[in-house]
>>> print(open('model.cif').read())   # mmCIF, C-alpha atoms and all ligand atoms
data_model
loop_
_atom_site.group_PDB
_atom_site.id
_atom_site.type_symbol
_atom_site.label_atom_id
_atom_site.label_comp_id
_atom_site.auth_asym_id
_atom_site.auth_seq_id
_atom_site.Cartn_x
_atom_site.Cartn_y
_atom_site.Cartn_z
ATOM 1 C CA MET A 1 4.923 14.748 -0.785
ATOM 2 C CA ASN A 2 3.584 14.889 -4.344
ATOM 3 C CA MET A 3 0.381 13.105 -5.130
ATOM 4 C CA LYS A 4 1.249 9.681 -6.517
ATOM 5 C CA ARG A 5 -0.415 8.717 -9.780
ATOM 6 C CA PHE A 6 -1.056 5.219 -11.099
ATOM 7 C CA LEU A 7 -2.306 4.323 -14.569
ATOM 8 C CA VAL A 8 -3.237 0.690 -15.246
ATOM 9 C CA ILE A 9 -3.390 -0.647 -18.805
ATOM 10 C CA THR A 10 -5.769 -3.615 -18.845
ATOM 11 C CA LEU A 11 -8.340 -5.453 -20.937
ATOM 12 C CA PHE A 12 -10.486 -5.610 -17.795
ATOM 13 C CA PRO A 13 -10.817 -2.204 -16.127
ATOM 14 C CA GLU A 14 -13.958 -3.619 -14.500
ATOM 15 C CA ILE A 15 -11.763 -5.933 -12.419
ATOM 16 C CA ILE A 16 -9.445 -3.154 -11.235
ATOM 17 C CA GLU A 17 -11.771 -0.219 -10.707
ATOM 18 C CA PRO A 18 -13.972 -1.571 -7.875
ATOM 19 C CA GLU A 19 -10.885 -2.397 -5.830
ATOM 20 C CA LEU A 20 -9.323 1.015 -6.368
ATOM 21 C CA ASN A 21 -12.624 2.730 -5.579
ATOM 22 C CA SER A 22 -13.270 0.923 -2.291
ATOM 23 C CA SER A 23 -12.020 1.066 1.274
ATOM 24 C CA MET A 24 -8.528 2.514 1.841
ATOM 25 C CA MET A 25 -7.737 2.970 -1.868
ATOM 26 C CA TRP A 26 -10.893 5.064 -2.242
ATOM 27 C CA LYS A 27 -10.067 7.046 0.898
ATOM 28 C CA ALA A 28 -6.514 7.725 -0.309
ATOM 29 C CA GLN A 29 -7.955 9.184 -3.535
ATOM 30 C CA LYS A 30 -10.574 11.208 -1.692
ATOM 31 C CA ASP A 31 -7.830 12.626 0.558
ATOM 32 C CA GLY A 32 -5.842 13.705 -2.523
ATOM 33 C CA LEU A 33 -2.907 11.395 -1.728
ATOM 34 C CA VAL A 34 -3.163 9.285 -4.891
ATOM 35 C CA GLU A 35 -4.867 9.262 -8.267
ATOM 36 C CA PHE A 36 -5.812 6.152 -10.236
ATOM 37 C CA GLN A 37 -6.660 5.841 -13.927
ATOM 38 C CA THR A 38 -7.215 2.863 -16.188
ATOM 39 C CA LEU A 39 -6.691 2.575 -19.931
ATOM 40 C CA ASP A 40 -8.667 -0.145 -21.711
ATOM 41 C CA LEU A 41 -6.277 -2.015 -23.998
ATOM 42 C CA ARG A 42 -9.286 -2.956 -26.161
ATOM 43 C CA ASP A 43 -9.561 0.696 -27.229
ATOM 44 C CA PHE A 44 -6.174 0.236 -28.927
ATOM 45 C CA GLY A 45 -7.158 -3.015 -30.655
ATOM 46 C CA LEU A 46 -6.811 -3.448 -34.409
ATOM 47 C CA GLY A 47 -9.589 -3.460 -36.992
ATOM 48 C CA PRO A 48 -13.330 -3.467 -36.524
ATOM 49 C CA ARG A 49 -13.071 -6.283 -33.939
ATOM 50 C CA ARG A 50 -10.463 -4.360 -31.976
ATOM 51 C CA GLN A 51 -8.171 -7.379 -31.990
ATOM 52 C CA VAL A 52 -5.475 -7.367 -29.301
ATOM 53 C CA ASP A 53 -4.105 -10.927 -29.459
ATOM 54 C CA ASP A 54 -2.777 -13.389 -32.024
ATOM 55 C CA LYS A 55 -1.108 -16.807 -32.319
ATOM 56 C CA PRO A 56 2.610 -17.105 -31.538
ATOM 57 C CA PHE A 57 4.995 -17.503 -34.477
ATOM 58 C CA GLY A 58 6.640 -20.911 -34.304
ATOM 59 C CA GLY A 59 3.523 -22.433 -32.781
ATOM 60 C CA GLY A 60 2.582 -23.144 -29.213
ATOM 61 C CA ALA A 61 -0.467 -22.979 -27.003
ATOM 62 C CA GLY A 62 -2.527 -19.888 -26.476
ATOM 63 C CA MET A 63 -2.511 -16.370 -27.750
ATOM 64 C CA LEU A 64 -0.133 -13.462 -27.194
ATOM 65 C CA LEU A 65 -0.968 -9.808 -26.769
ATOM 66 C CA MET A 66 0.179 -8.067 -29.957
ATOM 67 C CA ILE A 67 2.871 -5.426 -29.908
ATOM 68 C CA GLU A 68 0.933 -2.731 -31.802
ATOM 69 C CA PRO A 69 -2.000 -2.255 -29.390
ATOM 70 C CA LEU A 70 0.407 -2.517 -26.441
ATOM 71 C CA THR A 71 2.714 0.123 -27.916
ATOM 72 C CA ASN A 72 -0.133 2.497 -28.635
ATOM 73 C CA ALA A 73 -1.611 2.062 -25.159
ATOM 74 C CA ILE A 74 1.780 2.568 -23.465
ATOM 75 C CA ASN A 75 2.408 5.702 -25.579
ATOM 76 C CA GLU A 76 -0.966 7.125 -24.565
ATOM 77 C CA ALA A 77 -0.207 6.283 -20.921
ATOM 78 C CA LYS A 78 3.169 8.063 -21.192
ATOM 79 C CA ARG A 79 1.408 11.092 -22.668
ATOM 80 C CA ARG A 80 -0.915 11.148 -19.660
ATOM 81 C CA LEU A 81 1.829 10.540 -17.089
ATOM 82 C CA PRO A 82 5.072 11.948 -18.515
ATOM 83 C CA GLY A 83 8.160 10.481 -16.881
ATOM 84 C CA ALA A 84 6.243 7.689 -15.147
ATOM 85 C CA LYS A 85 8.001 4.405 -14.462
ATOM 86 C CA VAL A 86 6.501 1.582 -16.562
ATOM 87 C CA LEU A 87 5.944 -1.760 -14.821
ATOM 88 C CA ILE A 88 4.739 -4.906 -16.545
ATOM 89 C CA MET A 89 3.083 -7.724 -14.614
ATOM 90 C CA THR A 90 4.600 -11.004 -15.724
ATOM 91 C CA PRO A 91 6.249 -14.080 -14.254
ATOM 92 C CA SER A 92 9.771 -12.735 -13.687
ATOM 93 C CA ASP A 93 12.810 -13.034 -11.467
ATOM 94 C CA ILE A 94 11.921 -9.781 -9.704
ATOM 95 C CA VAL A 95 9.407 -10.857 -7.080
ATOM 96 C CA TRP A 96 7.479 -8.127 -5.300
ATOM 97 C CA ASN A 97 8.152 -7.688 -1.611
ATOM 98 C CA GLU A 98 7.717 -5.181 1.221
ATOM 99 C CA GLN A 99 11.113 -3.593 0.613
ATOM 100 C CA LEU A 100 10.184 -2.770 -2.995
ATOM 101 C CA ALA A 101 6.778 -1.494 -1.847
ATOM 102 C CA THR A 102 8.572 0.849 0.577
ATOM 103 C CA GLU A 103 10.997 2.091 -2.097
ATOM 104 C CA TYR A 104 8.168 2.753 -4.532
ATOM 105 C CA ALA A 105 6.038 4.472 -1.853
ATOM 106 C CA ASN A 106 8.938 6.754 -0.872
ATOM 107 C CA SER A 107 9.970 7.724 -4.397
ATOM 108 C CA ASP A 108 8.444 10.619 -6.327
ATOM 109 C CA ASP A 109 7.707 8.349 -9.300
ATOM 110 C CA ASN A 110 4.307 7.859 -10.866
ATOM 111 C CA TYR A 111 3.572 4.389 -12.221
ATOM 112 C CA ILE A 112 2.151 2.932 -15.429
ATOM 113 C CA ILE A 113 1.244 -0.729 -14.886
ATOM 114 C CA VAL A 114 0.760 -3.041 -17.874
ATOM 115 C CA CYS A 115 -1.447 -6.092 -17.291
ATOM 116 C CA GLY A 116 -1.409 -9.093 -19.605
ATOM 117 C CA ARG A 117 -4.036 -11.715 -20.374
ATOM 118 C CA TYR A 118 -3.852 -14.923 -22.372
ATOM 119 C CA GLU A 119 -0.507 -16.727 -22.572
ATOM 120 C CA GLY A 120 1.738 -13.697 -22.560
ATOM 121 C CA PHE A 121 3.107 -10.731 -24.450
ATOM 122 C CA ASP A 122 4.900 -10.283 -27.763
ATOM 123 C CA ALA A 123 8.412 -10.014 -26.329
ATOM 124 C CA ARG A 124 9.074 -6.692 -28.057
ATOM 125 C CA VAL A 125 6.940 -5.023 -25.370
ATOM 126 C CA PHE A 126 9.704 -5.567 -22.811
ATOM 127 C CA ASP A 127 11.802 -2.905 -24.592
ATOM 128 C CA LEU A 128 9.086 -0.352 -23.774
ATOM 129 C CA VAL A 129 8.971 -0.949 -20.016
ATOM 130 C CA ASP A 130 11.286 -0.283 -17.089
ATOM 131 C CA VAL A 131 10.618 -3.278 -14.814
ATOM 132 C CA LYS A 132 9.091 -6.750 -15.084
ATOM 133 C CA ILE A 133 7.407 -7.687 -11.822
ATOM 134 C CA SER A 134 6.033 -10.969 -10.488
ATOM 135 C CA ILE A 135 3.998 -11.248 -7.297
ATOM 136 C CA GLY A 136 5.092 -14.801 -6.620
ATOM 137 C CA PRO A 137 6.130 -18.161 -8.060
ATOM 138 C CA TYR A 138 2.757 -19.157 -9.495
ATOM 139 C CA VAL A 139 0.940 -18.345 -12.714
ATOM 140 C CA LEU A 140 -2.244 -16.293 -12.863
ATOM 141 C CA THR A 141 -4.495 -15.821 -15.898
ATOM 142 C CA GLY A 142 -3.869 -12.094 -15.938
ATOM 143 C CA GLY A 143 -1.935 -9.195 -14.477
ATOM 144 C CA GLU A 144 -4.896 -7.483 -12.819
ATOM 145 C CA ILE A 145 -4.557 -9.199 -9.438
ATOM 146 C CA PRO A 146 -0.782 -8.519 -9.389
ATOM 147 C CA ALA A 147 -1.439 -4.858 -10.295
ATOM 148 C CA MET A 148 -3.963 -4.509 -7.464
ATOM 149 C CA ALA A 149 -1.607 -6.204 -4.991
ATOM 150 C CA ILE A 150 1.269 -3.924 -5.928
ATOM 151 C CA ILE A 151 -0.795 -0.740 -5.834
ATOM 152 C CA ASP A 152 -2.337 -1.662 -2.473
ATOM 153 C CA SER A 153 1.031 -2.480 -0.925
ATOM 154 C CA ILE A 154 2.500 0.855 -2.113
ATOM 155 C CA VAL A 155 -0.464 3.061 -1.263
ATOM 156 C CA ARG A 156 -0.847 1.823 2.324
ATOM 157 C CA LEU A 157 2.747 2.973 2.962
ATOM 158 C CA ILE A 158 2.123 6.549 1.782
ATOM 159 C CA PRO A 159 2.035 8.755 4.890
ATOM 160 C CA GLY A 160 -1.533 9.704 5.782
ATOM 161 C CA VAL A 161 -3.209 6.745 4.104
ATOM 162 C CA LEU A 162 -3.520 4.416 7.086
ATOM 163 C CA GLY A 163 -3.985 6.962 9.849
ATOM 164 C CA GLY A 164 -3.156 6.041 13.414
ATOM 165 C CA GLY A 165 0.276 7.647 13.296
ATOM 166 C CA GLU A 166 3.642 6.399 12.167
ATOM 167 C CA GLU A 167 3.536 3.544 14.646
ATOM 168 C CA ALA A 168 1.002 1.744 12.483
ATOM 169 C CA TYR A 169 3.640 1.396 9.757
ATOM 170 C CA GLU A 170 6.466 0.461 12.068
ATOM 171 C CA ARG A 171 4.644 -2.259 13.931
ATOM 172 C CA GLU A 172 2.691 -3.723 11.053
ATOM 173 C CA SER A 173 3.531 -7.229 9.836
ATOM 174 C CA TYR A 174 6.382 -7.541 7.392
ATOM 175 C CA SER A 175 7.587 -3.939 7.776
ATOM 176 C CA ASN A 176 10.781 -5.607 8.887
ATOM 177 C CA GLU A 177 11.291 -9.072 7.438
ATOM 178 C CA ALA A 178 12.168 -10.508 10.836
ATOM 179 C CA HIS A 179 9.071 -9.179 12.603
ATOM 180 C CA LEU A 180 5.719 -10.716 12.029
ATOM 181 C CA GLU A 181 2.568 -9.900 13.956
ATOM 182 C CA TYR A 182 1.631 -10.522 17.560
ATOM 183 C CA PRO A 183 -1.900 -11.782 18.290
ATOM 184 C CA GLN A 184 -4.458 -9.029 18.876
ATOM 185 C CA TYR A 185 -7.930 -9.150 20.413
ATOM 186 C CA THR A 186 -10.980 -6.931 20.705
ATOM 187 C CA ARG A 187 -14.289 -7.235 22.573
ATOM 188 C CA PRO A 188 -15.628 -9.423 24.097
ATOM 189 C CA GLU A 189 -13.059 -10.304 26.769
ATOM 190 C CA VAL A 190 -14.374 -13.873 26.877
ATOM 191 C CA TYR A 191 -15.907 -15.598 23.871
ATOM 192 C CA ASP A 192 -17.149 -19.170 23.981
ATOM 193 C CA GLY A 193 -14.928 -19.859 26.990
ATOM 194 C CA GLN A 194 -11.819 -18.328 25.386
ATOM 195 C CA ALA A 195 -10.444 -15.399 27.367
ATOM 196 C CA VAL A 196 -8.227 -12.599 26.092
ATOM 197 C CA PRO A 197 -4.765 -12.758 27.797
ATOM 198 C CA SER A 198 -5.189 -10.774 31.006
ATOM 199 C CA VAL A 199 -2.003 -8.725 30.551
ATOM 200 C CA LEU A 200 -3.634 -7.019 27.555
ATOM 201 C CA LEU A 201 -6.452 -5.818 29.822
ATOM 202 C CA SER A 202 -4.051 -4.634 32.555
ATOM 203 C CA GLY A 203 -3.394 -1.126 31.224
ATOM 204 C CA ASN A 204 0.321 -1.710 31.930
ATOM 205 C CA HIS A 205 1.957 -0.558 28.701
ATOM 206 C CA ALA A 206 5.398 -1.941 29.507
ATOM 207 C CA GLU A 207 3.953 -5.379 30.275
ATOM 208 C CA VAL A 208 1.768 -5.252 27.141
ATOM 209 C CA GLU A 209 4.836 -4.417 25.045
ATOM 210 C CA LYS A 210 6.812 -7.272 26.620
ATOM 211 C CA TRP A 211 3.964 -9.699 25.955
ATOM 212 C CA ARG A 212 3.687 -8.544 22.319
ATOM 213 C CA GLN A 213 7.396 -8.982 21.680
ATOM 214 C CA ALA A 214 7.299 -12.439 23.217
ATOM 215 C CA HIS A 215 4.367 -13.434 21.000
ATOM 216 C CA GLU A 216 5.491 -12.073 17.642
ATOM 217 C CA GLN A 217 5.204 -14.826 15.075
HETATM 218 N N1 LIG B 301 1.017 -12.813 -14.634
HETATM 219 C C1 LIG B 301 0.752 -14.110 -14.493
HETATM 220 N N2 LIG B 301 1.215 -14.606 -13.341
HETATM 221 C C2 LIG B 301 1.818 -13.554 -12.695
HETATM 222 C C3 LIG B 301 2.494 -13.414 -11.461
HETATM 223 N N3 LIG B 301 2.676 -14.430 -10.622
HETATM 224 N N4 LIG B 301 2.964 -12.198 -11.144
HETATM 225 C C4 LIG B 301 2.807 -11.160 -11.990
HETATM 226 N N5 LIG B 301 2.190 -11.233 -13.163
HETATM 227 C C5 LIG B 301 1.697 -12.420 -13.525
#
>>> encode(input="model.cif", output="structure tokens")
Amino acid sequence: MNMKRFLVITLFPEIIEPELNSSMMWKAQKDGLVEFQTLDLRDFGLGPRRQVDDKPFGGGAGMLLMIEPLTNAINEAKRRLPGAKVLIMTPSDIVWNEQLATEYANSDDNYIIVCGRYEGFDARVFDLVDVKISIGPYVLTGGEIPAMAIIDSIVRLIPGVLGGGEEAYERESYSNEAHLEYPQYTRPEVYDGQAVPSVLLSGNHAEVEKWRQAHEQ
């Protein structure tokens, strides 16, 4: 499989970068399975103050990200990742889920992810992107957390990222909408009077499997 590349356009690369450079996301990069870049939208701001936002025509609360810096940043991102699919993080009717994460992980696409701040975007930006994505029916102050959630959910499904064989993907929560997780335990066998179910200590794989299926929730 080709190495998957992600480029995040954000006013706050310092929010995104620590997450992408830690734990499994860091390991996936180190193993050559993915590559992450950020583009600072501020670098595309206008004038000496590098302005990126302005008041909405027609009035209303808050500020919108202006079309010109967004366009220039997206064009630079497309130069860096030709052919990449462009996603924009915004409240939308497409709500991210495990099935989309699986489709994105299995495709050969690279991804440019546009994060907003303030009250929203100049609507002309939506002509420059392929998909508007929400991570749920609530409003955040910016697209950075959605971008991190989406990247994490895709990257963990790329073969070789999690380790532990294919079974890890198959049995993991939400891999099939109907199957949630069974309870799991590690040492000690008894903690504060609470014992681990004895069947899990039995070494009987068939019985363990039966118990797990019965306790999926
Ligand atoms: N920007 C603000 N809220 C959001 C959400 N729920 N999902 C994606 N982007 C957002």
>>> residues_around(input="model.cif", residues="Asp40 (chain A)", least_positions_apart="4", cutoff="10 Å", atoms="all atoms listed in the file", output="ChimeraX atom specification")
/A:8-14,44-45,73
>>> resolve_selection(input="model.cif", expression="the PyMOL selection byres (((chain A and resi 127) around 12) and not hetatm)", output="PDB file with C-alpha atoms, keeping the file's coordinate frame")
ATOM      1  CA  ILE A  67       2.871  -5.426 -29.908  1.00  0.00           C
ATOM      2  CA  LEU A  70       0.407  -2.517 -26.441  1.00  0.00           C
ATOM      3  CA  THR A  71       2.714   0.123 -27.916  1.00  0.00           C
ATOM      4  CA  ILE A  74       1.780   2.568 -23.465  1.00  0.00           C
ATOM      5  CA  VAL A  86       6.501   1.582 -16.562  1.00  0.00           C
ATOM      6  CA  LEU A  87       5.944  -1.760 -14.821  1.00  0.00           C
ATOM      7  CA  ILE A  88       4.739  -4.906 -16.545  1.00  0.00           C
ATOM      8  CA  PHE A 121       3.107 -10.731 -24.450  1.00  0.00           C
ATOM      9  CA  ASP A 122       4.900 -10.283 -27.763  1.00  0.00           C
ATOM     10  CA  ALA A 123       8.412 -10.014 -26.329  1.00  0.00           C
ATOM     11  CA  ARG A 124       9.074  -6.692 -28.057  1.00  0.00           C
ATOM     12  CA  VAL A 125       6.940  -5.023 -25.370  1.00  0.00           C
ATOM     13  CA  PHE A 126       9.704  -5.567 -22.811  1.00  0.00           C
ATOM     14  CA  LEU A 128       9.086  -0.352 -23.774  1.00  0.00           C
ATOM     15  CA  VAL A 129       8.971  -0.949 -20.016  1.00  0.00           C
ATOM     16  CA  ASP A 130      11.286  -0.283 -17.089  1.00  0.00           C
ATOM     17  CA  VAL A 131      10.618  -3.278 -14.814  1.00  0.00           C
ATOM     18  CA  LYS A 132       9.091  -6.750 -15.084  1.00  0.00           C
TER      19      LYS A 132
END
>>> atom_distance(input="model.cif", atom1="CA of Met25 (chain A)", atom2="CA of Tyr182 (chain A)")
25.4 Å
>>> residues_near_ligand(input="model.cif", ligand="ligand LIG 301 (chain B)", cutoff="9 Å", atoms="all atoms listed in the file", output="PDB file with C-alpha atoms, keeping the file's coordinate frame")
ATOM      1  CA  ILE A  88       4.739  -4.906 -16.545  1.00  0.00           C
ATOM      2  CA  MET A  89       3.083  -7.724 -14.614  1.00  0.00           C
ATOM      3  CA  THR A  90       4.600 -11.004 -15.724  1.00  0.00           C
ATOM      4  CA  PRO A  91       6.249 -14.080 -14.254  1.00  0.00           C
ATOM      5  CA  SER A  92       9.771 -12.735 -13.687  1.00  0.00           C
ATOM      6  CA  VAL A  95       9.407 -10.857  -7.080  1.00  0.00           C
ATOM      7  CA  TRP A  96       7.479  -8.127  -5.300  1.00  0.00           C
ATOM      8  CA  CYS A 115      -1.447  -6.092 -17.291  1.00  0.00           C
ATOM      9  CA  GLY A 116      -1.409  -9.093 -19.605  1.00  0.00           C
ATOM     10  CA  ARG A 117      -4.036 -11.715 -20.374  1.00  0.00           C
ATOM     11  CA  GLU A 119      -0.507 -16.727 -22.572  1.00  0.00           C
ATOM     12  CA  GLY A 120       1.738 -13.697 -22.560  1.00  0.00           C
ATOM     13  CA  LYS A 132       9.091  -6.750 -15.084  1.00  0.00           C
ATOM     14  CA  ILE A 133       7.407  -7.687 -11.822  1.00  0.00           C
ATOM     15  CA  SER A 134       6.033 -10.969 -10.488  1.00  0.00           C
ATOM     16  CA  ILE A 135       3.998 -11.248  -7.297  1.00  0.00           C
ATOM     17  CA  GLY A 136       5.092 -14.801  -6.620  1.00  0.00           C
ATOM     18  CA  PRO A 137       6.130 -18.161  -8.060  1.00  0.00           C
ATOM     19  CA  TYR A 138       2.757 -19.157  -9.495  1.00  0.00           C
ATOM     20  CA  VAL A 139       0.940 -18.345 -12.714  1.00  0.00           C
ATOM     21  CA  LEU A 140      -2.244 -16.293 -12.863  1.00  0.00           C
ATOM     22  CA  THR A 141      -4.495 -15.821 -15.898  1.00  0.00           C
ATOM     23  CA  GLY A 142      -3.869 -12.094 -15.938  1.00  0.00           C
ATOM     24  CA  GLY A 143      -1.935  -9.195 -14.477  1.00  0.00           C
ATOM     25  CA  GLU A 144      -4.896  -7.483 -12.819  1.00  0.00           C
ATOM     26  CA  ILE A 145      -4.557  -9.199  -9.438  1.00  0.00           C
ATOM     27  CA  PRO A 146      -0.782  -8.519  -9.389  1.00  0.00           C
ATOM     28  CA  ALA A 147      -1.439  -4.858 -10.295  1.00  0.00           C
TER      29      ALA A 147
END
>>> residues_around(input="model.cif", residues="Ala101 (chain A)", least_positions_apart="2", cutoff="9 Å", atoms="all atoms listed in the file", output="MDAnalysis selection string")
chainID A and resid 96:99 103:106 150:151 153:155 157
>>> atom_distance(input="model.cif", atom1="CA of Ile112 (chain A)", atom2="CA of Glu35 (chain A)")
11.9 Å
>>> atom_distance(input="model.cif", atom1="CA of Val190 (chain A)", atom2="CA of Ala206 (chain A)")
23.2 Å
>>> residues_around(input="model.cif", residues="Trp211 (chain A)", least_positions_apart="3", cutoff="12 Å", atoms="all atoms listed in the file", output="ChimeraX atom specification")
/A:182-184,197-202,204-208,214-216
>>> write_last_selection(input="model.cif", atoms="C-alpha atoms", output="short mmCIF file (atom, residue, chain, number, x, y, z; two decimals), in the coordinates of the input")
data_model
loop_
_atom_site.label_atom_id
_atom_site.label_comp_id
_atom_site.auth_asym_id
_atom_site.auth_seq_id
_atom_site.Cartn_x
_atom_site.Cartn_y
_atom_site.Cartn_z
CA TYR A 182 1.63 -10.52 17.56
CA PRO A 183 -1.90 -11.78 18.29
CA GLN A 184 -4.46 -9.03 18.88
CA PRO A 197 -4.76 -12.76 27.80
CA SER A 198 -5.19 -10.77 31.01
CA VAL A 199 -2.00 -8.72 30.55
CA LEU A 200 -3.63 -7.02 27.56
CA LEU A 201 -6.45 -5.82 29.82
CA SER A 202 -4.05 -4.63 32.56
CA ASN A 204 0.32 -1.71 31.93
CA HIS A 205 1.96 -0.56 28.70
CA ALA A 206 5.40 -1.94 29.51
CA GLU A 207 3.95 -5.38 30.28
CA VAL A 208 1.77 -5.25 27.14
CA ALA A 214 7.30 -12.44 23.22
CA HIS A 215 4.37 -13.43 21.00
CA GLU A 216 5.49 -12.07 17.64
#
>>> resolve_selection(input="model.cif", expression="the PyMOL selection byres (((chain A and resi 82) around 12) and not hetatm)", output="list in words")
Arg5, Phe6, Leu7, Ile74, Asn75, Glu76, Ala77, Lys78, Arg79, Arg80, Leu81, Gly83, Ala84, Lys85, Val86, Asp109, Asn110, Tyr111 and Ile112 of chain A
>>> axis_aligned_box(input="model.cif", around="region 120-130 of chain A", padding_each_side="4 Å", output="JSON")
{"center_x": 6.8, "center_y": -7.0, "center_z": -22.6, "size_x": 18.1, "size_y": 21.4, "size_z": 19.0}
>>> closest_residue(input="model.cif", among="A:Val161, A:Met3, A:Ala149, A:Ile113", to="Gln37 (chain A)", atoms="all atoms listed in the file")
A:Ile113
>>> closest_residue(input="model.cif", among="A:Arg42, A:Lys27, A:Lys55, A:Arg49", to="Asn72 (chain A)", atoms="only C-alpha atoms")
A:Arg42
>>> closest_residue(input="model.cif", among="A:Arg156, A:Ile15, A:Asp31, A:Lys4", to="Ser107 (chain A)", atoms="only C-alpha atoms")
A:Lys4
